[in-house]
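Shown below: data.json, with JSON, C-alpha atoms.
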[["chain", "number", "residue", "atom", "x", "y", "z"],
["A", 1, "MET", "CA", 0.00, 0.00, 0.00],
["A", 2, "THR", "CA", 1.36, 3.43, -0.97],
["A", 3, "LYS", "CA", 1.91, 6.06, 1.71],
["A", 4, "LYS", "CA", -0.12, 9.20, 1.11],
["A", 5, "VAL", "CA", 1.72, 12.52, 0.69],
["A", 6, "LEU", "CA", 0.00, 14.88, 3.16],
["A", 7, "GLY", "CA", 1.48, 18.12, 1.83],
["A", 8, "ILE", "CA", 4.65, 19.93, 0.80],
["A", 9, "TYR", "CA", 5.99, 22.76, 2.96],
["A", 10, "GLU", "CA", 8.85, 25.21, 2.97],
["A", 11, "SER", "CA", 10.69, 26.35, 6.12],
["A", 12, "GLY", "CA", 8.74, 28.03, 8.89],
["A", 13, "SER", "CA", 11.47, 30.54, 9.79],
["A", 14, "THR", "CA", 15.03, 31.59, 9.01],
["A", 15, "HIS", "CA", 17.43, 32.80, 11.69],
["A", 16, "TRP", "CA", 20.99, 32.62, 13.03],
["A", 17, "VAL", "CA", 22.08, 30.27, 15.81],
["A", 18, "GLY", "CA", 25.12, 31.98, 17.27],
["A", 19, "ASN", "CA", 27.13, 33.51, 14.43],
["A", 20, "ALA", "CA", 27.97, 30.25, 12.61],
["A", 21, "PHE", "CA", 24.70, 28.56, 11.69],
["A", 22, "HIS", "CA", 22.22, 30.28, 9.39],
["A", 23, "VAL", "CA", 19.26, 27.92, 9.73],
["A", 24, "ARG", "CA", 15.90, 27.31, 8.17],
["A", 25, "THR", "CA", 13.55, 25.62, 10.64],
["A", 26, "MET", "CA", 11.44, 22.97, 8.92],
["A", 27, "PHE", "CA", 9.54, 22.00, 12.06],
["A", 28, "PRO", "CA", 7.98, 22.60, 14.49],
["A", 29, "THR", "CA", 5.72, 25.02, 12.62],
["A", 30, "HIS", "CA", 2.01, 25.76, 12.65],
["A", 31, "ARG", "CA", 1.68, 23.32, 9.74],
["A", 32, "LEU", "CA", 3.70, 20.47, 11.23],
["A", 33, "THR", "CA", 2.60, 19.88, 14.82],
["A", 34, "HIS", "CA", 4.20, 17.62, 17.40],
["A", 35, "GLN", "CA", 1.65, 14.89, 16.69],
["A", 36, "ALA", "CA", 2.59, 14.95, 13.00],
["A", 37, "VAL", "CA", 6.35, 14.58, 13.54],
["A", 38, "SER", "CA", 6.82, 12.64, 16.83],
["A", 39, "PRO", "CA", 9.26, 11.18, 17.88],
["A", 40, "PHE", "CA", 11.09, 14.06, 16.18],
["A", 41, "LEU", "CA", 10.96, 17.50, 17.76],
["A", 42, "LEU", "CA", 12.87, 19.91, 15.53],
["A", 43, "LEU", "CA", 14.63, 19.97, 12.18],
["A", 44, "ASP", "CA", 16.99, 22.84, 11.34],
["A", 45, "TYR", "CA", 18.79, 23.08, 8.00],
["A", 46, "ALA", "CA", 21.93, 25.22, 8.23],
["A", 47, "GLY", "CA", 23.29, 26.59, 4.97],
["A", 48, "PRO", "CA", 24.70, 26.13, 2.53],
["A", 49, "THR", "CA", 26.42, 29.31, 3.72],
["A", 50, "GLU", "CA", 29.80, 30.62, 2.50],
["A", 51, "PHE", "CA", 32.01, 31.94, 5.31],
["A", 52, "PRO", "CA", 35.18, 34.05, 4.87],
["A", 53, "ALA", "CA", 38.37, 33.06, 6.67],
["A", 54, "THR", "CA", 38.71, 34.10, 10.30],
["A", 55, "GLU", "CA", 41.15, 33.42, 13.15],
["A", 56, "ARG", "CA", 38.34, 33.24, 15.72],
["A", 57, "PRO", "CA", 35.96, 30.36, 14.96],
["A", 58, "ARG", "CA", 32.27, 31.23, 14.71],
["A", 59, "GLY", "CA", 29.78, 29.24, 16.73],
["A", 60, "VAL", "CA", 27.44, 29.05, 19.67],
["A", 61, "GLY", "CA", 28.80, 28.96, 23.21],
["A", 62, "GLU", "CA", 27.98, 26.88, 26.26],
["A", 63, "HIS", "CA", 24.30, 25.91, 26.50],
["A", 64, "PRO", "CA", 22.34, 23.04, 28.10],
["A", 65, "HIS", "CA", 19.97, 20.29, 26.91],
["A", 66, "ARG", "CA", 17.80, 17.81, 28.81],
["A", 67, "GLY", "CA", 15.20, 15.22, 27.84],
["A", 68, "PHE", "CA", 16.03, 14.49, 24.19],
["A", 69, "GLU", "CA", 18.79, 13.79, 21.64],
["A", 70, "THR", "CA", 20.50, 16.03, 19.09],
["A", 71, "VAL", "CA", 21.59, 14.55, 15.76],
["A", 72, "THR", "CA", 23.97, 16.59, 13.60],
["A", 73, "ILE", "CA", 24.58, 15.54, 9.98],
["A", 74, "VAL", "CA", 27.30, 17.48, 8.14],
["A", 75, "TYR", "CA", 27.26, 17.76, 4.34],
["A", 76, "GLN", "CA", 29.92, 20.45, 3.81],
["A", 77, "GLY", "CA", 32.44, 22.04, 6.19],
["A", 78, "LYS", "CA", 33.48, 20.96, 9.67],
["A", 79, "VAL", "CA", 31.99, 21.55, 13.11],
["A", 80, "ALA", "CA", 33.82, 21.11, 16.42],
["A", 81, "HIS", "CA", 31.96, 20.03, 19.56],
["A", 82, "ARG", "CA", 32.69, 19.48, 23.23],
["A", 83, "ASP", "CA", 30.42, 18.80, 26.18],
["A", 84, "SER", "CA", 30.37, 18.53, 29.96],
["A", 85, "GLY", "CA", 30.66, 14.75, 29.69],
["A", 86, "GLY", "CA", 34.19, 15.14, 28.34],
["A", 87, "ASN", "CA", 33.32, 14.35, 24.72],
["A", 88, "PRO", "CA", 35.21, 16.49, 22.20],
["A", 89, "GLY", "CA", 34.95, 15.84, 18.51],
["A", 90, "VAL", "CA", 34.94, 17.14, 14.95],
["A", 91, "VAL", "CA", 32.05, 16.38, 12.60],
["A", 92, "GLY", "CA", 33.06, 16.55, 8.93],
["A", 93, "PRO", "CA", 31.37, 15.83, 5.59],
["A", 94, "GLY", "CA", 29.38, 12.60, 5.80],
["A", 95, "ASP", "CA", 29.84, 12.29, 9.59],
["A", 96, "VAL", "CA", 27.02, 12.23, 12.14],
["A", 97, "GLN", "CA", 27.08, 13.25, 15.78],
["A", 98, "TRP", "CA", 24.36, 11.64, 17.93],
["A", 99, "MET", "CA", 24.25, 13.19, 21.41],
["A", 100, "THR", "CA", 21.83, 11.85, 24.00],
["A", 101, "ALA", "CA", 21.34, 14.70, 26.45],
["A", 102, "ALA", "CA", 18.94, 12.69, 28.66],
["A", 103, "SER", "CA", 19.35, 13.90, 32.29],
["A", 104, "GLY", "CA", 21.37, 16.88, 31.16],
["A", 105, "VAL", "CA", 24.46, 17.98, 29.31],
["A", 106, "VAL", "CA", 26.13, 21.31, 28.57],
["A", 107, "HIS", "CA", 27.93, 21.71, 25.24],
["A", 108, "GLU", "CA", 29.20, 24.13, 22.64],
["A", 109, "GLU", "CA", 29.43, 23.97, 18.86],
["A", 110, "TYR", "CA", 31.90, 25.96, 16.74],
["A", 111, "GLN", "CA", 33.25, 25.83, 13.24],
["A", 112, "GLU", "CA", 36.37, 23.67, 13.33],
["A", 113, "GLN", "CA", 39.62, 25.64, 13.69],
["A", 114, "GLU", "CA", 41.20, 24.89, 10.31],
["A", 115, "PHE", "CA", 37.89, 25.30, 8.48],
["A", 116, "ALA", "CA", 37.51, 28.71, 10.14],
["A", 117, "ARG", "CA", 41.05, 29.75, 9.12],
["A", 118, "THR", "CA", 40.53, 28.88, 5.46],
["A", 119, "GLY", "CA", 36.82, 29.68, 5.16],
["A", 120, "GLY", "CA", 34.40, 27.75, 3.01],
["A", 121, "THR", "CA", 30.86, 26.43, 2.72],
["A", 122, "LEU", "CA", 29.03, 25.04, 5.75],
["A", 123, "GLU", "CA", 25.97, 22.87, 5.25],
["A", 124, "MET", "CA", 24.42, 20.67, 7.91],
["A", 125, "VAL", "CA", 21.20, 19.40, 9.43],
["A", 126, "GLN", "CA", 20.40, 19.28, 13.12],
["A", 127, "LEU", "CA", 17.56, 17.04, 14.22],
["A", 128, "TRP", "CA", 16.11, 16.77, 17.73],
["A", 129, "VAL", "CA", 14.72, 13.36, 18.70],
["A", 130, "ASN", "CA", 12.48, 13.03, 21.75],
["A", 131, "LEU", "CA", 13.16, 10.51, 24.51],
["A", 132, "PRO", "CA", 10.42, 8.54, 26.26],
["A", 133, "LYS", "CA", 9.71, 9.38, 29.88],
["A", 134, "ALA", "CA", 11.60, 6.28, 31.06],
["A", 135, "ARG", "CA", 14.83, 7.57, 29.45],
["A", 136, "LYS", "CA", 14.66, 11.32, 30.03],
["A", 137, "MET", "CA", 16.69, 11.17, 33.26],
["A", 138, "ALA", "CA", 19.11, 8.44, 32.14],
["A", 139, "PRO", "CA", 22.85, 9.26, 32.01],
["A", 140, "PRO", "CA", 23.91, 11.27, 28.94],
["A", 141, "ALA", "CA", 25.60, 9.44, 26.07],
["A", 142, "TYR", "CA", 27.50, 10.36, 22.91],
["A", 143, "GLN", "CA", 27.94, 8.58, 19.58],
["A", 144, "THR", "CA", 30.43, 9.59, 16.88],
["A", 145, "LEU", "CA", 29.34, 8.06, 13.58],
["A", 146, "LEU", "CA", 32.09, 8.56, 11.01],
["A", 147, "SER", "CA", 31.19, 8.50, 7.33],
["A", 148, "GLU", "CA", 33.02, 5.21, 6.76],
["A", 149, "GLN", "CA", 30.98, 3.55, 9.54],
["A", 150, "ILE", "CA", 27.65, 4.35, 7.88],
["A", 151, "PRO", "CA", 26.60, 1.61, 5.44],
["A", 152, "ALA", "CA", 25.40, 2.59, 1.96],
["A", 153, "VAL", "CA", 22.81, 0.68, -0.07],
["A", 154, "GLN", "CA", 22.51, 1.12, -3.83],
["A", 155, "LEU", "CA", 19.02, 2.08, -4.93],
["A", 156, "GLY", "CA", 17.31, 0.37, -7.84],
["A", 157, "GLY", "CA", 16.52, 2.15, -11.06],
["A", 158, "GLY", "CA", 19.89, 3.94, -11.17],
["A", 159, "ALA", "CA", 18.64, 6.38, -8.54],
["A", 160, "GLY", "CA", 21.82, 6.59, -6.45],
["A", 161, "PHE", "CA", 22.35, 5.29, -2.93],
["A", 162, "ALA", "CA", 21.05, 5.53, 0.63],
["A", 163, "ARG", "CA", 23.27, 5.85, 3.72],
["A", 164, "ILE", "CA", 21.67, 4.07, 6.67],
["A", 165, "ILE", "CA", 22.28, 6.20, 9.77],
["A", 166, "ALA", "CA", 19.65, 4.58, 12.01],
["A", 167, "GLY", "CA", 17.28, 1.69, 11.57],
["A", 168, "GLU", "CA", 17.46, -1.01, 8.92],
["A", 169, "TRP", "CA", 17.28, -1.14, 5.14],
["A", 170, "GLU", "CA", 17.53, -4.32, 3.05],
["A", 171, "GLY", "CA", 19.49, -6.12, 5.73],
["A", 172, "GLU", "CA", 21.87, -3.22, 6.45],
["A", 173, "GLN", "CA", 21.70, -1.87, 10.01],
["A", 174, "GLY", "CA", 22.57, 1.75, 10.76],
["A", 175, "PRO", "CA", 25.16, 2.27, 13.51],
["A", 176, "ALA", "CA", 23.11, 4.70, 15.64],
["A", 177, "ARG", "CA", 21.68, 3.33, 18.89],
["A", 178, "THR", "CA", 18.14, 4.63, 19.48],
["A", 179, "PHE", "CA", 15.70, 4.33, 22.39],
["A", 180, "THR", "CA", 12.54, 4.10, 20.28],
["A", 181, "PRO", "CA", 12.19, 2.77, 16.71],
["A", 182, "VAL", "CA", 13.81, 5.40, 14.44],
["A", 183, "HIS", "CA", 14.84, 5.09, 10.79],
["A", 184, "LEU", "CA", 17.10, 7.81, 9.39],
["A", 185, "TYR", "CA", 18.34, 7.54, 5.80],
["A", 186, "ASP", "CA", 20.55, 9.99, 3.88],
["A", 187, "LEU", "CA", 19.72, 9.62, 0.17],
["A", 188, "ARG", "CA", 22.08, 10.82, -2.57],
["A", 189, "LEU", "CA", 19.90, 10.71, -5.69],
["A", 190, "ARG", "CA", 20.93, 10.79, -9.36],
["A", 191, "GLU", "CA", 19.12, 12.58, -12.15],
["A", 192, "GLY", "CA", 16.93, 10.29, -14.25],
["A", 193, "GLY", "CA", 16.65, 7.53, -11.66],
["A", 194, "THR", "CA", 13.58, 6.13, -9.93],
["A", 195, "ALA", "CA", 13.66, 4.73, -6.41],
["A", 196, "ASP", "CA", 11.01, 2.70, -4.62],
["A", 197, "LEU", "CA", 11.30, 2.97, -0.85],
["A", 198, "ARG", "CA", 9.72, 0.66, 1.69],
["A", 199, "LEU", "CA", 9.13, 2.39, 5.03],
["A", 200, "PRO", "CA", 7.53, 1.23, 8.30],
["A", 201, "SER", "CA", 3.74, 1.47, 8.51],
["A", 202, "GLY", "CA", 2.09, 3.07, 11.53],
["A", 203, "GLY", "CA", 4.71, 5.70, 12.33],
["A", 204, "ASN", "CA", 5.38, 9.27, 11.28],
["A", 205, "THR", "CA", 7.47, 9.67, 8.12],
["A", 206, "LEU", "CA", 8.89, 12.86, 6.60],
["A", 207, "LEU", "CA", 10.93, 13.36, 3.43],
["A", 208, "PHE", "CA", 13.18, 16.42, 3.65],
["A", 209, "LEU", "CA", 14.70, 17.70, 0.41],
["A", 210, "LEU", "CA", 17.85, 19.72, 1.03],
["A", 211, "ARG", "CA", 18.10, 20.57, -2.65],
["A", 212, "GLY", "CA", 17.18, 19.13, -6.02],
["A", 213, "SER", "CA", 13.96, 18.03, -7.72],
["A", 214, "VAL", "CA", 11.94, 14.84, -7.27],
["A", 215, "THR", "CA", 8.36, 13.68, -7.74],
["A", 216, "LEU", "CA", 6.72, 11.54, -5.06],
["A", 217, "ASN", "CA", 4.24, 8.82, -6.04],
["A", 218, "GLY", "CA", 3.98, 10.21, -9.55],
["A", 219, "ALA", "CA", 2.07, 13.31, -8.48],
["A", 220, "HIS", "CA", 3.75, 15.45, -5.82],
["A", 221, "LYS", "CA", 6.78, 17.54, -6.83],
["A", 222, "LEU", "CA", 9.38, 18.37, -4.20],
["A", 223, "GLU", "CA", 11.96, 20.80, -5.56],
["A", 224, "GLY", "CA", 14.32, 23.67, -4.87],
["A", 225, "GLU", "CA", 15.96, 24.08, -1.47],
["A", 226, "ALA", "CA", 14.58, 23.16, 1.96],
["A", 227, "ALA", "CA", 11.20, 21.55, 1.30],
["A", 228, "ILE", "CA", 9.55, 18.84, 3.38],
["A", 229, "ALA", "CA", 6.75, 16.34, 2.77],
["A", 230, "PRO", "CA", 5.02, 14.52, 5.64],
["A", 231, "LEU", "CA", 3.53, 11.13, 4.73],
["A", 232, "GLY", "CA", 0.50, 9.31, 6.10],
["A", 233, "ARG", "CA", 0.95, 6.64, 8.74],
["A", 234, "GLU", "CA", -0.79, 3.95, 6.69],
["A", 235, "GLY", "CA", 1.02, 2.06, 3.97],
["A", 236, "ASP", "CA", 4.72, 1.39, 3.47],
["A", 237, "ASP", "CA", 5.66, 2.23, -0.16],
["A", 238, "VAL", "CA", 6.91, 5.52, -1.67],
["A", 239, "SER", "CA", 8.06, 6.05, -5.25],
["A", 240, "ILE", "CA", 10.62, 8.77, -6.02],
["A", 241, "ALA", "CA", 11.35, 9.96, -9.58],
["A", 242, "VAL", "CA", 14.55, 12.04, -9.68],
["A", 243, "HIS", "CA", 14.63, 15.00, -12.10],
["A", 244, "GLU", "CA", 18.05, 16.35, -11.06],
["A", 245, "ASP", "CA", 20.78, 15.30, -8.64],
["A", 246, "SER", "CA", 19.21, 15.65, -5.19],
["A", 247, "LEU", "CA", 19.87, 15.30, -1.47],
["A", 248, "LEU", "CA", 16.96, 13.81, 0.48],
["A", 249, "LEU", "CA", 16.77, 12.94, 4.17],
["A", 250, "VAL", "CA", 14.20, 10.32, 5.19],
["A", 251, "LEU", "CA", 12.93, 10.40, 8.78],
["A", 252, "SER", "CA", 10.60, 7.73, 10.12],
["A", 253, "GLY", "CA", 9.80, 6.78, 13.70],
["A", 254, "ALA", "CA", 7.27, 5.42, 16.14],
["A", 255, "PRO", "CA", 5.38, 8.30, 17.82],
["A", 256, "ILE", "CA", 5.95, 8.77, 21.55],
["A", 257, "GLU", "CA", 2.42, 9.10, 22.91],
["A", 258, "GLU", "CA", 3.31, 11.07, 26.03],
["A", 259, "PRO", "CA", 2.66, 14.68, 27.08],
["A", 260, "ILE", "CA", 5.32, 17.26, 26.26],
["A", 261, "ALA", "CA", 6.45, 20.26, 28.30],
["A", 262, "ALA", "CA", 9.10, 22.20, 26.41],
["A", 263, "TYR", "CA", 11.03, 25.39, 26.96],
["A", 264, "GLY", "CA", 14.10, 26.24, 24.88],
["A", 265, "PRO", "CA", 16.71, 23.50, 25.36],
["A", 266, "PHE", "CA", 14.59, 21.38, 27.75],
["A", 267, "VAL", "CA", 11.90, 18.87, 26.72],
["A", 268, "MET", "CA", 10.15, 17.06, 29.55],
["A", 269, "ASN", "CA", 6.67, 15.63, 30.30],
["A", 270, "THR", "CA", 5.38, 18.08, 32.92],
["A", 271, "GLN", "CA", 5.79, 21.74, 33.87],
["A", 272, "ARG", "CA", 7.21, 20.66, 37.22],
["A", 273, "GLU", "CA", 9.94, 18.64, 35.48],
["A", 274, "LEU", "CA", 10.63, 21.60, 33.23],
["A", 275, "LEU", "CA", 11.10, 23.94, 36.19],
["A", 276, "GLN", "CA", 13.36, 21.36, 37.82],
["A", 277, "ALA", "CA", 15.51, 21.24, 34.66],
["A", 278, "MET", "CA", 15.97, 25.01, 34.80],
["A", 279, "GLU", "CA", 16.88, 24.89, 38.49],
["A", 280, "ASP", "CA", 19.33, 22.03, 37.96],
["A", 281, "TYR", "CA", 21.09, 23.88, 35.15],
["A", 282, "ARG", "CA", 21.40, 27.07, 37.21],
["A", 283, "ALA", "CA", 22.77, 25.00, 40.10],
["A", 284, "GLY", "CA", 25.47, 23.49, 37.86],
["A", 285, "LYS", "CA", 24.05, 19.95, 38.05],
["A", 286, "MET", "CA", 24.43, 19.49, 34.29],
["A", 287, "GLY", "CA", 28.11, 20.42, 34.44],
["A", 288, "HIS", "CA", 30.08, 23.19, 32.82],
["A", 289, "LEU", "CA", 32.85, 23.47, 30.26],
["A", 290, "MET", "CA", 36.38, 24.41, 31.14],
["A", 291, "ALA", "CA", 37.83, 27.29, 29.10],
["A", 292, "ALA", "CA", 39.65, 25.89, 26.06],
["A", 293, "ARG", "CA", 40.21, 28.73, 23.60]]
Translate the structure described by the file into structure tokens.
Amino acid sequence: MTKKVLGIYESGSTHWVGNAFHVRTMFPTHRLTHQAVSPFLLLDYAGPTEFPATERPRGVGEHPHRGFETVTIVYQGKVAHRDSGGNPGVVGPGDVQWMTAASGVVHEEYQEQEFARTGGTLEMVQLWVNLPKARKMAPPAYQTLLSEQIPAVQLGGGAGFARIIAGEWEGEQGPARTFTPVHLYDLRLREGGTADLRLPSGGNTLLFLLRGSVTLNGAHKLEGEAAIAPLGREGDDVSIAVHEDSLLLVLSGAPIEEPIAAYGPFVMNTQRELLQAMEDYRAGKMGHLMAAR
């Protein structure tokens, strides 16, 4: 049974995060509610933005998270990260950083030093994935998924290939560990190809086009930059005709049917838990970063 395309939407807002990430927010928006995207919470598309060389890396300084996970996928450029759990790292083209904030973590994100010195194009996606109540106060965790660790599956019809970041595709298992069923595929599509995808039935599925031009199920055109198509929960098949080389991110997951209380970098189940998160951060219970630059 074919999944129904529920609509095609552009970004809800455009803004800067710090001075390094010029983002278009695809959700949440008034068109894509929590119920329509759960277990996902937010999708920001940063770039592609050209930055001149600088000796002082651009970025966003120390800030907290609790109750969910951040997933950073880099397409161009390099981003440096470090957090209060002692996890430094550099995320480059094709790499994925999967940070489970859970009970609380403080981190910072900056353009990597050498990338900042030479300048260049930065393009990345940051996705927030909700955690179920039973995992919100678990210890934080951190996964570095290098490009070479992410399996790629060739698509039929000469349509390119899919990198399996999380979940399973044709026997290939993505390296990301998740706490609810999540499938995350990075598709690199070739002009003239046709791909038939099989996705889980019963969950929320979204197709995010970074750039390019495709037609879904023979009738719904997704083109340009930063466009997203939510699909119906019923059915499991989607057909994609590729009109020009395209980048497409496929998100699919089982909804978390729990209440949400959210404020900025905290996503909990009740207002009381939300207030506690704010108090814990102010009291230093999520840690702090030592000066490094």
(request) Find the residue from A:Phe179, A:Tyr185, A:Tyr75, A:Trp128 that sits nearest to Leu41 (chain A); use all atoms listed in the file when measuring. (result) A:Trp128
What's around Leu32 (chain A) at 9 Å? Count all atoms listed in the file, leave out sequence neighbours fewer than 6 positions away in its own chain, and write the answer as a compact mmCIF listing (two decimals) with C-alpha atoms, in the coordinates of the input.
# COMPACT_ATOMS: atom_id res chain seq x y z
CA TYR A 9 5.99 22.76 2.96
CA MET A 26 11.44 22.97 8.92
CA PRO A 230 5.02 14.52 5.64
(request) Find the residues near region 119-122 of chain A: any atom within 10 Å, counting all atoms listed in the file, skip ones fewer than 4 places away on the same chain, and give them as a list in words. (result) Ala20, Phe21, His22, Ala46, Gly47, Pro48, Thr49, Glu50, Phe51, Pro52, Ala53, Thr54, Glu55, Pro57, Val74, Tyr75, Gln76, Gly77, Lys78, Val79, Gly92, Pro93, Gln111, Gln113, Glu114 and Phe115 of chain A
(request) Quick one: pull the distance between CA of Arg24 (chain A) and CA of Val37 (chain A), Å, one decimal. (result)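 Pair CA of Arg24 (chain A) / CA of Val37 (chain A) returns 16.8 Å.
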(message) Give me, as JSON, numbers by chain, all polymer residues having an atom no more than 12 Å from Leu206 (chain A), counting all atoms listed in the file and skipping those fewer than 2 positions away in the same chain.
(response) {"A": [3, 4, 5, 6, 7, 8, 9, 26, 27, 32, 36, 37, 38, 39, 40, 43, 182, 183, 184, 185, 199, 200, 203, 204, 208, 209, 216, 227, 228, 229, 230, 231, 232, 233, 238, 248, 249, 250, 251, 252, 253]}
(request) Counting only C-alpha atoms, figure out which residue out of A:His107, A:Arg272, A:Lys221, A:His34 gets nearest to Glu257 (chain A). (result)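 So, comparing all the options, the nearest one is A:His34.
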(request) Determine the nearest neighbour of Gly59 (chain A) from the options A:Leu274, A:Ala116, A:Val106, A:Ala138, counting all atoms listed in the file. (result)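 Closest candidate: A:Ala116.
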With a distance cut-off of 12 Å and only C-alpha atoms, select the neighbouring residues of Gln97 (chain A), excluding the residue or stretch itself and same-chain residues fewer than 5 positions from it, and output the selection as a short mmCIF file (atom, residue, chain, number, x, y, z; two decimals) with C-alpha atoms, in the frame of the given file.
data_model
loop_
_atom_site.label_atom_id
_atom_site.label_comp_id
_atom_site.auth_asym_id
_atom_site.auth_seq_id
_atom_site.Cartn_x
_atom_site.Cartn_y
_atom_site.Cartn_z
CA GLU A 69 18.79 13.79 21.64
CA THR A 70 20.50 16.03 19.09
CA VAL A 71 21.59 14.55 15.76
CA THR A 72 23.97 16.59 13.60
CA ILE A 73 24.58 15.54 9.98
CA VAL A 74 27.30 17.48 8.14
CA LYS A 78 33.48 20.96 9.67
CA VAL A 79 31.99 21.55 13.11
CA ALA A 80 33.82 21.11 16.42
CA HIS A 81 31.96 20.03 19.56
CA ARG A 82 32.69 19.48 23.23
CA ASN A 87 33.32 14.35 24.72
CA PRO A 88 35.21 16.49 22.20
CA GLY A 89 34.95 15.84 18.51
CA VAL A 90 34.94 17.14 14.95
CA VAL A 91 32.05 16.38 12.60
CA GLY A 92 33.06 16.55 8.93
CA GLU A 109 29.43 23.97 18.86
CA MET A 124 24.42 20.67 7.91
CA VAL A 125 21.20 19.40 9.43
CA GLN A 126 20.40 19.28 13.12
CA LEU A 127 17.56 17.04 14.22
CA TRP A 128 16.11 16.77 17.73
CA ALA A 141 25.60 9.44 26.07
CA TYR A 142 27.50 10.36 22.91
CA GLN A 143 27.94 8.58 19.58
CA THR A 144 30.43 9.59 16.88
CA LEU A 145 29.34 8.06 13.58
CA LEU A 146 32.09 8.56 11.01
CA SER A 147 31.19 8.50 7.33
CA ILE A 150 27.65 4.35 7.88
CA ILE A 165 22.28 6.20 9.77
CA PRO A 175 25.16 2.27 13.51
CA ALA A 176 23.11 4.70 15.64
CA ARG A 177 21.68 3.33 18.89
#
(request) Just give me the gap between CA of Arg135 (chain A) and CA of Thr25 (chain A) in Å, one decimal is fine. (result) 26.1 Å
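Among the candidate residues A:Pro181, A:Pro64, A:Gly218, A:Gly167, the one lying nearest to Ala277 (chain A) is A:Pro64, with distances computed using all atoms listed in the file.
Distance-wise, CA of Ala262 (chain A) and CA of Gly86 (chain A) end up 26.1 Å apart.
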(request) Please provide the set of residues having any atom within 7 Å of Met286 (chain A), restricted to only C-alpha atoms, with same-chain residues fewer than 6 positions apart removed, written as a PyMOL selection string. (result) chain A and resi 104-106+280
(request) Using all atoms listed in the file, pick whichever of A:Asn217, A:Thr205, A:Gln276, A:Thr180 has the shortest atom-to-atom distance to Gln35 (chain A). (result) A:Thr205
(message) Counting all atoms listed in the file, which residue out of A:Arg117, A:Lys136, A:Arg31, A:Arg211 sits closest to Asn269 (chain A)?
(response)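 Comparing A:Arg117, A:Lys136, A:Arg31, A:Arg211 against Asn269 (chain A), the winner is A:Lys136.
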